[in-house]
Amino acid sequence: MRDKMPSPARRAAIFGLLGSLAIVLSILENSITGMLNFAVPGLKPGLANLAVVLALPYLGGGAALAVSLLKALAVFLATGTVTTLWFSLAGSLLSVAGMWLLWRFCRRIFSLAGISALGGALSNLGQVGVMAAISNTPAFFYYLPALAIFGVGFGMLVGLLGNMVLRRVPRERMLGQAKKSGV
Amino acid sequence: MIKKADIFLGLGLIAAAVLALLFLGGGDGEAMVTVRQRGEIVYQGPLAQDEEISLAGDFHNVIKIQSGEVFYAHSDCPGQDCVKMGRLSGPGQLACAPNETIVVVERRESGVDSIAG
């Protein structure tokens, strides 16, 4: 039972917060991406997914998708290569779809850690999957274990961070529905 | 803070990926290099055979197969991701997305004839 719906202004402010988080983290992530090339070329730590993952409890699936698209745009603006934009979009869409499903139906079973782990795995899978499909090479299967391990690993870490944030700023408080007056 | 289900999910995903690899990957024959540009095969040959492949497109790539390794020796694309990908001495792939080229190393099932280059 919710006492009141958060105002559109409030939701917009939260979205702005998460959006800028996504952008800043994307830029940060871009600088450290090069280190992972030993395992899988172009593998990303997925740190910016923190913003997407946090959007789920605070603003819902639609906002999570929007933050995800914003993130993809930010990466494109930062790196300037159009071809990688399509790949990362594929990964992002798959990732958000999976995370939203878990959030919508299995929220009680998993914490943000598990949801984010799935998101991370799907994101990497989507990217390389599209790369392989377009270039007609099934050989990307060799990368599946590395993709899964890193995707799940980083996803879990990001999810744990999300859990920590959620614990300190629970949904009610973020949306201004807290019983106590003032923040 | 982390739930048991999270851990199971994570391990499950990794297990699924490893299983997928075992069923779908494989082949223990000779290592073959396939270079494609825009999806079309432009070169195919054994990893053991030294070769230099020059590809023009939106950008210029030079791929070298040397001493059992394949790598992007030179590229004038902006990101240089392909060059940074390093050398392959076994199954895997390298790619230059801006120039739409991809280098794949895979092992054929032993007993299959090699493809004429």
# chains A, B, ... in the order shown; residues from 1 in each chain; ligands from 1
$ residues_around --residues "Val103 in chain B" --least-positions-apart "2" --cutoff "9 Å" --atoms "only C-alpha atoms" --output "ChimeraX atom specification"
/B:33-37,63,70-72,92-96,101,105
$ select_by_dssp --residues "chain A" --states "helix (DSSP H, G or I)" --output "PyMOL selection string"
chain A and resi 8-38+49-59+61-79+82-106+112-135+138-168+171-174
$ residues_around --residues "range 110-115 of chain A" --least-positions-apart "3" --cutoff "12 Å" --atoms "only C-alpha atoms" --output "ChimeraX atom specification"
/A:49-57,95-107,118-122,151-167 /B:1-13
$ select_by_dssp --residues "range 3-107 of chain B" --states "strand (DSSP E or B)" --output "PyMOL selection string"
chain B and resi 31-37+40-46+51-56+60-66+69-75+88+92-96+101-107
$ closest_residue --among "B:Ala97, B:Met32, B:Val62, B:Ala17" --to "Ala48 in chain B" --atoms "only C-alpha atoms"
B:Met32
$ residues_around --residues "Leu70 in chain A" --least-positions-apart "4" --cutoff "7 Å" --atoms "only C-alpha atoms" --output "NGL selection string"
:A and (19 or 66 or 74)
$ write_last_selection --atoms "N, CA, C and O atoms" --output "PDB file, in the first residue's frame"
ATOM      1  N   GLY A  19      20.891   9.041 -14.513  1.00  0.00           N
ATOM      2  CA  GLY A  19      21.427   9.275 -15.845  1.00  0.00           C
ATOM      3  C   GLY A  19      22.843   9.808 -15.799  1.00  0.00           C
ATOM      4  O   GLY A  19      23.727   9.322 -16.514  1.00  0.00           O
ATOM      5  N   ALA A  66      15.528   3.303 -20.233  1.00  0.00           N
ATOM      6  CA  ALA A  66      15.943   4.645 -20.645  1.00  0.00           C
ATOM      7  C   ALA A  66      17.370   4.944 -20.197  1.00  0.00           C
ATOM      8  O   ALA A  66      18.177   5.486 -20.956  1.00  0.00           O
ATOM      9  N   ALA A  74      26.114   7.549 -24.293  1.00  0.00           N
ATOM     10  CA  ALA A  74      27.293   8.157 -23.679  1.00  0.00           C
ATOM     11  C   ALA A  74      28.567   7.490 -24.166  1.00  0.00           C
ATOM     12  O   ALA A  74      29.555   8.152 -24.475  1.00  0.00           O
TER      13      ALA A  74
END
$ closest_residue --among "A:Ala9, A:Leu94, A:Val67, A:Ala48" --to "Leu28 in chain A" --atoms "only C-alpha atoms"
A:Ala48
$ closest_residue --among "B:Gly39, B:Pro46, B:Ala16, B:Ser89" --to "chain A" --atoms "only C-alpha atoms"
B:Gly39
$ residues_around --residues "Glu69 in chain B" --least-positions-apart "3" --cutoff "8 Å" --atoms "only C-alpha atoms" --output "PyMOL selection string"
chain B and resi 47-48+65-66+87-90
$ write_last_selection --atoms "N, CA and C atoms" --output "JSON list (two decimals), in the first residue's frame"
[["chain", "number", "residue", "atom", "x", "y", "z"],
["B", 47, "LEU", "N", 47.05, -21.91, -39.52],
["B", 47, "LEU", "CA", 47.75, -20.98, -38.64],
["B", 47, "LEU", "C", 49.25, -21.18, -38.75],
["B", 48, "ALA", "N", 49.61, -22.38, -39.18],
["B", 48, "ALA", "CA", 51.03, -22.70, -39.26],
["B", 48, "ALA", "C", 51.71, -22.07, -40.47],
["B", 65, "ILE", "N", 50.20, -13.49, -40.29],
["B", 65, "ILE", "CA", 50.28, -14.80, -39.66],
["B", 65, "ILE", "C", 51.76, -15.15, -39.65],
["B", 66, "GLN", "N", 52.28, -15.35, -38.46],
["B", 66, "GLN", "CA", 53.73, -15.48, -38.34],
["B", 66, "GLN", "C", 54.05, -16.39, -37.18],
["B", 87, "ARG", "N", 47.81, -11.04, -30.04],
["B", 87, "ARG", "CA", 48.09, -12.15, -30.93],
["B", 87, "ARG", "C", 47.30, -13.39, -30.53],
["B", 88, "LEU", "N", 46.84, -14.12, -31.54],
["B", 88, "LEU", "CA", 46.17, -15.38, -31.29],
["B", 88, "LEU", "C", 47.10, -16.52, -31.67],
["B", 89, "SER", "N", 47.31, -17.44, -30.75],
["B", 89, "SER", "CA", 48.08, -18.62, -31.13],
["B", 89, "SER", "C", 47.19, -19.86, -31.05],
["B", 90, "GLY", "N", 45.91, -19.62, -30.76],
["B", 90, "GLY", "CA", 44.96, -20.73, -30.66],
["B", 90, "GLY", "C", 43.59, -20.21, -31.03]]
$ closest_residue --among "A:Asn124, A:Ala78, A:Lys71, A:Gly91" --to "Leu21 in chain A" --atoms "only C-alpha atoms"
A:Lys71
